[in-house]
file target-v9.tsv (TSV, C-alpha atoms)
chain	number	residue	atom	x	y	z
A	1	ASP	CA	1.30	-5.54	-7.54
A	2	LEU	CA	-1.47	-4.30	-5.25
A	3	PHE	CA	-3.23	-7.68	-5.32
A	4	VAL	CA	-0.06	-9.64	-4.46
A	5	ALA	CA	0.97	-7.13	-1.77
A	6	GLY	CA	-2.50	-7.17	-0.22
A	7	THR	CA	-2.93	-10.94	-0.15
A	8	GLU	CA	0.50	-11.91	1.17
A	9	THR	CA	0.57	-9.31	3.92
A	10	THR	CA	-2.98	-10.13	5.03
A	11	SER	CA	-2.39	-13.89	5.10
A	12	THR	CA	0.90	-13.44	6.98
A	13	THR	CA	-0.77	-11.18	9.55
A	14	LEU	CA	-3.57	-13.71	9.98
A	15	GLU	CA	-1.00	-16.45	10.59
A	16	TRP	CA	0.63	-14.27	13.27
A	17	ALA	CA	-2.78	-13.64	14.85
A	18	MET	CA	-3.57	-17.35	15.09
A	19	ALA	CA	-0.07	-18.09	16.39
A	20	GLU	CA	-0.34	-15.45	19.13
A	21	LEU	CA	-3.81	-16.68	20.14
A	22	LEU	CA	-2.68	-20.33	20.27
A	23	HIS	CA	0.41	-19.23	22.22
A	24	ASN	CA	-1.91	-17.33	24.63
A	25	PRO	CA	-4.96	-19.60	25.19
A	26	GLU	CA	-6.59	-17.17	27.66
A	27	ALA	CA	-6.85	-14.54	24.93
A	28	LEU	CA	-8.28	-17.11	22.53
A	29	SER	CA	-10.90	-18.15	25.10
A	30	ARG	CA	-11.84	-14.54	25.75
A	31	ALA	CA	-12.21	-13.83	22.02
A	32	LYS	CA	-14.35	-16.95	21.54
A	33	ALA	CA	-16.58	-15.95	24.49
A	34	GLU	CA	-17.05	-12.44	23.06
A	35	LEU	CA	-18.01	-13.85	19.66
A	36	GLU	CA	-20.51	-16.28	21.19
A	37	LEU	CA	-22.05	-13.52	23.29
A	38	VAL	CA	-22.34	-10.96	20.48
A	39	ILE	CA	-22.85	-13.17	17.41
A	40	GLY	CA	-24.26	-16.35	18.88
A	41	LYS	CA	-23.24	-19.94	18.20
A	42	GLY	CA	-23.70	-21.07	14.63
A	43	ASN	CA	-23.95	-17.54	13.20
A	44	GLN	CA	-21.37	-16.11	10.83
A	45	VAL	CA	-19.40	-12.96	11.64
A	46	GLN	CA	-20.52	-10.09	9.42
A	47	GLU	CA	-18.72	-6.83	8.71
A	48	SER	CA	-21.44	-4.95	10.63
A	49	ASP	CA	-20.59	-7.00	13.76
A	50	ILE	CA	-17.00	-5.74	14.00
A	51	LEU	CA	-18.00	-2.51	15.80
A	52	HIS	CA	-19.58	-4.62	18.56
A	53	LEU	CA	-16.49	-6.81	19.09
A	54	PRO	CA	-14.01	-4.62	21.02
A	55	TYR	CA	-11.78	-7.51	22.10
A	56	LEU	CA	-11.45	-8.80	18.53
A	57	GLN	CA	-10.56	-5.26	17.43
A	58	ALA	CA	-7.97	-5.10	20.24
A	59	ILE	CA	-6.43	-8.39	19.08
A	60	VAL	CA	-6.03	-7.10	15.52
A	61	LYS	CA	-4.40	-3.87	16.76
A	62	GLU	CA	-2.05	-5.82	19.02
A	63	ILE	CA	-1.06	-8.13	16.15
A	64	LEU	CA	-0.37	-5.15	13.90
A	65	ARG	CA	1.70	-3.55	16.71
A	66	LEU	CA	3.85	-6.63	17.38
A	67	HIS	CA	3.95	-8.03	13.84
A	68	PRO	CA	3.44	-5.26	11.28
A	69	PRO	CA	2.90	-6.75	7.81
A	70	VAL	CA	5.84	-4.78	6.38
A	71	PRO	CA	8.56	-4.05	8.98
A	72	PHE	CA	10.00	-1.12	7.00
A	73	LEU	CA	7.43	1.22	5.50
A	74	LEU	CA	7.85	2.50	1.96
A	75	PRO	CA	10.86	4.85	1.69
A	76	ARG	CA	10.32	8.60	1.95
A	77	LYS	CA	12.53	11.34	0.55
A	78	ALA	CA	13.25	14.66	2.26
A	79	ARG	CA	12.35	17.60	0.02
A	80	GLU	CA	14.54	19.97	2.01
A	81	ASP	CA	16.90	19.96	4.98
A	82	VAL	CA	14.90	19.35	8.14
A	83	GLU	CA	15.76	18.94	11.81
A	84	ILE	CA	13.98	16.24	13.82
A	85	ASN	CA	14.83	15.71	17.50
A	86	GLY	CA	18.22	17.33	17.04
A	87	TYR	CA	19.12	15.33	13.93
A	88	ILE	CA	19.52	16.95	10.52
A	89	ILE	CA	17.87	15.05	7.67
A	90	PRO	CA	19.52	16.46	4.53
A	91	LYS	CA	17.60	17.30	1.39
A	92	ASP	CA	17.10	14.27	-0.92
A	93	ALA	CA	17.95	11.79	1.87
A	94	GLN	CA	15.96	8.58	1.71
A	95	VAL	CA	14.19	7.83	5.00
A	96	LEU	CA	13.02	4.37	6.07
A	97	VAL	CA	10.51	4.12	8.91
A	98	ASN	CA	10.89	0.98	11.04
A	99	ALA	CA	7.30	0.13	12.06
A	100	TRP	CA	8.51	-3.05	13.80
A	101	THR	CA	10.73	-1.10	16.20
A	102	ILE	CA	8.11	1.60	16.80
A	103	GLY	CA	5.60	-1.07	17.86
A	104	ARG	CA	8.07	-2.46	20.40
A	105	ASP	CA	9.30	0.86	21.80
A	106	GLN	CA	9.50	0.58	25.60
A	107	SER	CA	8.90	4.32	26.01
A	108	SER	CA	5.53	4.06	24.23
A	109	TRP	CA	4.28	0.65	25.36
A	110	ASP	CA	4.18	-1.10	28.74
A	111	ASN	CA	5.52	-4.67	28.41
A	112	ALA	CA	6.23	-3.83	24.78
A	113	LYS	CA	7.28	-7.37	23.77
A	114	SER	CA	4.25	-9.07	25.32
A	115	PHE	CA	1.01	-9.93	23.53
A	116	MET	CA	-1.60	-7.99	25.53
A	117	PRO	CA	-4.72	-7.08	23.49
A	118	GLU	CA	-6.29	-5.66	26.66
A	119	ARG	CA	-4.07	-2.58	26.35
A	120	PHE	CA	-6.24	-1.40	23.43
A	121	LEU	CA	-9.48	-1.64	25.41
A	122	GLU	CA	-8.35	1.44	27.33
A	123	LEU	CA	-6.52	3.32	24.56
A	124	GLU	CA	-8.10	5.46	21.84
A	125	ILE	CA	-5.54	4.45	19.21
A	126	ASP	CA	-6.20	3.21	15.70
A	127	VAL	CA	-4.01	1.86	12.88
A	128	LYS	CA	-4.96	4.50	10.30
A	129	GLY	CA	-1.83	6.62	10.62
A	130	ARG	CA	-3.06	9.21	13.12
A	131	ASN	CA	-1.19	7.72	16.09
A	132	PHE	CA	2.53	7.57	15.39
A	133	GLU	CA	3.20	4.87	17.98
A	134	LEU	CA	1.11	2.47	15.85
A	135	ILE	CA	1.61	2.93	12.10
A	136	PRO	CA	1.66	-0.53	10.46
A	137	PHE	CA	0.19	0.96	7.27
A	138	GLY	CA	2.16	4.21	7.28
A	139	GLY	CA	0.44	7.57	7.45
A	140	GLY	CA	-0.40	10.72	5.59
A	141	ARG	CA	-0.90	10.86	1.85
A	142	ARG	CA	1.24	7.78	1.30
A	143	THR	CA	-0.58	5.47	3.65
A	144	CYS	CA	-1.06	1.93	2.34
A	145	PRO	CA	-3.95	1.86	-0.18
A	146	GLY	CA	-4.85	-1.63	1.05
A	147	LEU	CA	-5.59	-0.47	4.62
A	148	PRO	CA	-9.42	-0.57	4.39
A	149	LEU	CA	-9.43	-4.04	2.81
A	150	ALA	CA	-6.82	-5.43	5.22
A	151	VAL	CA	-8.62	-4.19	8.34
A	152	ARG	CA	-11.98	-5.57	7.20
A	153	MET	CA	-10.58	-8.91	6.10
A	154	LEU	CA	-8.46	-9.46	9.21
A	155	HIS	CA	-11.43	-9.00	11.52
A	156	LEU	CA	-13.75	-11.16	9.41
A	157	MET	CA	-11.28	-14.00	8.79
A	158	LEU	CA	-9.94	-14.09	12.34
A	159	GLY	CA	-13.43	-13.88	13.82
A	160	SER	CA	-14.61	-16.72	11.59
A	161	LEU	CA	-11.64	-18.95	12.44
A	162	ILE	CA	-12.19	-18.39	16.17
A	163	GLN	CA	-15.97	-18.76	15.98
A	164	ASP	CA	-16.20	-21.83	13.75
A	165	PHE	CA	-13.36	-23.98	15.10
A	166	ASP	CA	-11.54	-25.07	18.19
A	167	TRP	CA	-7.81	-25.32	17.57
A	168	LYS	CA	-4.95	-27.50	18.71
A	169	LEU	CA	-1.29	-27.41	17.82
A	170	GLU	CA	0.09	-30.20	15.66
A	171	ASP	CA	2.26	-32.95	17.16
A	172	GLY	CA	1.09	-32.26	20.71
A	173	ILE	CA	3.10	-29.04	21.06
A	174	LYS	CA	2.12	-27.10	24.17
A	175	PRO	CA	1.06	-23.45	23.68
A	176	LYS	CA	4.01	-22.14	25.70
A	177	ASP	CA	6.43	-24.09	23.49
A	178	LEU	CA	5.17	-22.66	20.19
A	179	ASN	CA	8.06	-21.12	18.25
A	180	MET	CA	7.34	-17.40	17.81
A	181	GLU	CA	10.53	-16.36	15.99
A	182	ASP	CA	10.08	-14.02	13.06
A	183	LYS	CA	11.88	-13.84	9.74
A	184	PHE	CA	12.54	-10.41	8.26
A	185	GLY	CA	12.03	-9.80	4.58
A	186	ILE	CA	9.83	-7.45	2.61
A	187	THR	CA	7.07	-8.86	4.80
A	188	LEU	CA	7.38	-10.06	8.40
A	189	GLN	CA	6.83	-13.82	8.38
A	190	LYS	CA	7.04	-16.54	10.99
A	191	ALA	CA	10.43	-18.28	10.86
A	192	HIS	CA	8.59	-21.58	11.37
A	193	PRO	CA	5.11	-21.72	9.79
A	194	LEU	CA	2.18	-22.28	12.13
A	195	ARG	CA	0.83	-25.84	12.05
A	196	ALA	CA	-2.52	-26.02	13.80
A	197	VAL	CA	-5.44	-28.43	13.50
A	198	PRO	CA	-8.98	-27.04	13.24
A	199	ILE	CA	-11.72	-28.91	15.07
A	200	PRO	CA	-15.27	-28.01	13.90
A	201	VAL	CA	-17.56	-26.91	16.74
call {"tool": "encode", "arguments": {"input": "target-v9.tsv", "output": "structure tokens"}}
result
Amino acid sequence: DLFVAGTETTSTTLEWAMAELLHNPEALSRAKAELELVIGKGNQVQESDILHLPYLQAIVKEILRLHPPVPFLLPRKAREDVEINGYIIPKDAQVLVNAWTIGRDQSSWDNAKSFMPERFLELEIDVKGRNFELIPFGGGRRTCPGLPLAVRMLHLMLGSLIQDFDWKLEDGIKPKDLNMEDKFGITLQKAHPLRAVPIPV
């Protein structure tokens, strides 16, 4: 179960990352420039490089904010009656946390529906469950056990795809016309799969 959950959510998030970057070519160019400056052309991205790639880190955070791998986190159960913001949560009530809505909350995020990795260059926010406005993996004792693997793999795979290839959309689609609709399920998938052509550099 862990293997299937970890691979599908990571691959879906990577597809969203590539779709957002192809939909926003300026962000893709900036990420490519950062990789060339820090890593150098022809070198492979290593795990130790991630700390020196702030824009790549910002892209991953922004993807996880806009397109959390699982829109509804695992259900919680109230052990006792509790009041939160004037609402009573009765004992034994099942609580679902909507990470998708939290990531698009206008009161927490400027231009909440826009892809803007730059916002994370100024903010000291991570995805590890300490900042409640960004909790794609949940938080506390029941945080997703795949978090460390997902974060490492997303940076490495996305960095490699940006570094090693130029990309164009299939059938001559323009970046602004790329369909960015999502499809809700257990995981958050693109309604129309991304079709992009890699060009070796």
call {"tool": "residues_around", "arguments": {"input": "target-v9.tsv", "residues": "Ala19 in chain A", "least_positions_apart": "3", "cutoff": "8 Å", "atoms": "only C-alpha atoms", "output": "CSV table (one decimal) with C-alpha atoms, in the coordinates of the input"}}
result
chain,number,residue,atom,x,y,z
A,15,GLU,CA,-1.0,-16.4,10.6
A,16,TRP,CA,0.6,-14.3,13.3
A,22,LEU,CA,-2.7,-20.3,20.3
A,23,HIS,CA,0.4,-19.2,22.2
A,178,LEU,CA,5.2,-22.7,20.2
A,180,MET,CA,7.3,-17.4,17.8
A,194,LEU,CA,2.2,-22.3,12.1
call {"tool": "residues_around", "arguments": {"input": "target-v9.tsv", "residues": "Thr187 in chain A", "least_positions_apart": "5", "cutoff": "9 Å", "atoms": "all atoms listed in the file", "output": "JSON, numbers by chain"}}
result
{"A": [8, 9, 12, 68, 69, 70, 71, 72]}
call {"tool": "residues_around", "arguments": {"input": "target-v9.tsv", "residues": "Lys77 in chain A", "least_positions_apart": "3", "cutoff": "8 Å", "atoms": "only C-alpha atoms", "output": "PyMOL selection string"}}
result
chain A and resi 91-95
call {"tool": "atom_distance", "arguments": {"input": "target-v9.tsv", "atom1": "CA of Ala31 in chain A", "atom2": "CA of Val127 in chain A"}}
result
19.9 Å
call {"tool": "residues_around", "arguments": {"input": "target-v9.tsv", "residues": "range 155-157 of chain A", "least_positions_apart": "2", "cutoff": "9 Å", "atoms": "all atoms listed in the file", "output": "VMD selection string"}}
result
chain A and resid 14 45 to 47 50 56 to 57 60 150 to 153 159 to 162
call {"tool": "closest_residue", "arguments": {"input": "target-v9.tsv", "among": "A:Val197, A:Leu53, A:Leu121, A:Leu149", "to": "Asp171 in chain A", "atoms": "only C-alpha atoms"}}
result
A:Val197
call {"tool": "closest_residue", "arguments": {"input": "target-v9.tsv", "among": "A:Pro90, A:Gly185, A:Gly138, A:Pro198", "to": "Asp164 in chain A", "atoms": "all atoms listed in the file"}}
result
A:Pro198
call {"tool": "closest_residue", "arguments": {"input": "target-v9.tsv", "among": "A:Ala196, A:Ala17, A:Leu28, A:Ala58", "to": "Glu124 in chain A", "atoms": "only C-alpha atoms"}}
result
A:Ala58
call {"tool": "atom_distance", "arguments": {"input": "target-v9.tsv", "atom1": "CA of Pro117 in chain A", "atom2": "CA of Glu62 in chain A"}}
result
5.4 Å
call {"tool": "closest_residue", "arguments": {"input": "target-v9.tsv", "among": "A:Arg195, A:Lys174, A:Leu154, A:Arg141", "to": "Ser11 in chain A", "atoms": "only C-alpha atoms"}}
result
A:Leu154
call {"tool": "closest_residue", "arguments": {"input": "target-v9.tsv", "among": "A:His52, A:Ile84, A:Asp110, A:Pro175", "to": "Ala27 in chain A", "atoms": "all atoms listed in the file"}}
result
A:Pro175
call {"tool": "residues_around", "arguments": {"input": "target-v9.tsv", "residues": "Glu34 in chain A", "least_positions_apart": "2", "cutoff": "9 Å", "atoms": "only C-alpha atoms", "output": "PyMOL selection string"}}
result
chain A and resi 29-32+36-39+53-56
call {"tool": "atom_distance", "arguments": {"input": "target-v9.tsv", "atom1": "CA of Ala99 in chain A", "atom2": "CA of Gly139 in chain A"}}
result
11.1 Å
call {"tool": "residues_near_point", "arguments": {"input": "target-v9.tsv", "point": "(9.3, -14.8, 16.1)", "cutoff": "10 Å", "atoms": "all atoms listed in the file", "output": "list in words"}}
result
Trp16, Ala19, Leu66, His67, Leu178, Asn179, Met180, Glu181, Asp182, Lys183, Phe184, Leu188, Gln189, Lys190, Ala191 and His192 of chain A
call {"tool": "decode", "arguments": {"input": "target-v9.tsv", "residues": "range 133-150 of chain A", "atoms": "C-alpha atoms", "output": "PDB file, in the first residue's frame"}}
result
ATOM      1  CA  GLU A 133      -1.460  27.034   5.503  1.00  0.00           C
ATOM      2  CA  LEU A 134       0.636  24.450   3.601  1.00  0.00           C
ATOM      3  CA  ILE A 135       0.009  20.865   4.718  1.00  0.00           C
ATOM      4  CA  PRO A 136       0.016  18.615   1.618  1.00  0.00           C
ATOM      5  CA  PHE A 137       1.348  15.717   3.717  1.00  0.00           C
ATOM      6  CA  GLY A 138      -0.711  16.370   6.842  1.00  0.00           C
ATOM      7  CA  GLY A 139       0.911  17.119  10.168  1.00  0.00           C
ATOM      8  CA  GLY A 140       1.609  15.851  13.630  1.00  0.00           C
ATOM      9  CA  ARG A 141       1.993  12.184  14.469  1.00  0.00           C
ATOM     10  CA  ARG A 142      -0.072  11.131  11.473  1.00  0.00           C
ATOM     11  CA  THR A 143       1.884  12.977   8.832  1.00  0.00           C
ATOM     12  CA  CYS A 144       2.432  11.027   5.617  1.00  0.00           C
ATOM     13  CA  PRO A 145       5.244   8.473   6.102  1.00  0.00           C
ATOM     14  CA  GLY A 146       6.282   9.011   2.480  1.00  0.00           C
ATOM     15  CA  LEU A 147       7.085  12.720   2.991  1.00  0.00           C
ATOM     16  CA  PRO A 148      10.913  12.383   3.067  1.00  0.00           C
ATOM     17  CA  LEU A 149      10.974  10.199  -0.053  1.00  0.00           C
ATOM     18  CA  ALA A 150       8.483  12.374  -1.946  1.00  0.00           C
TER      19      ALA A 150
END
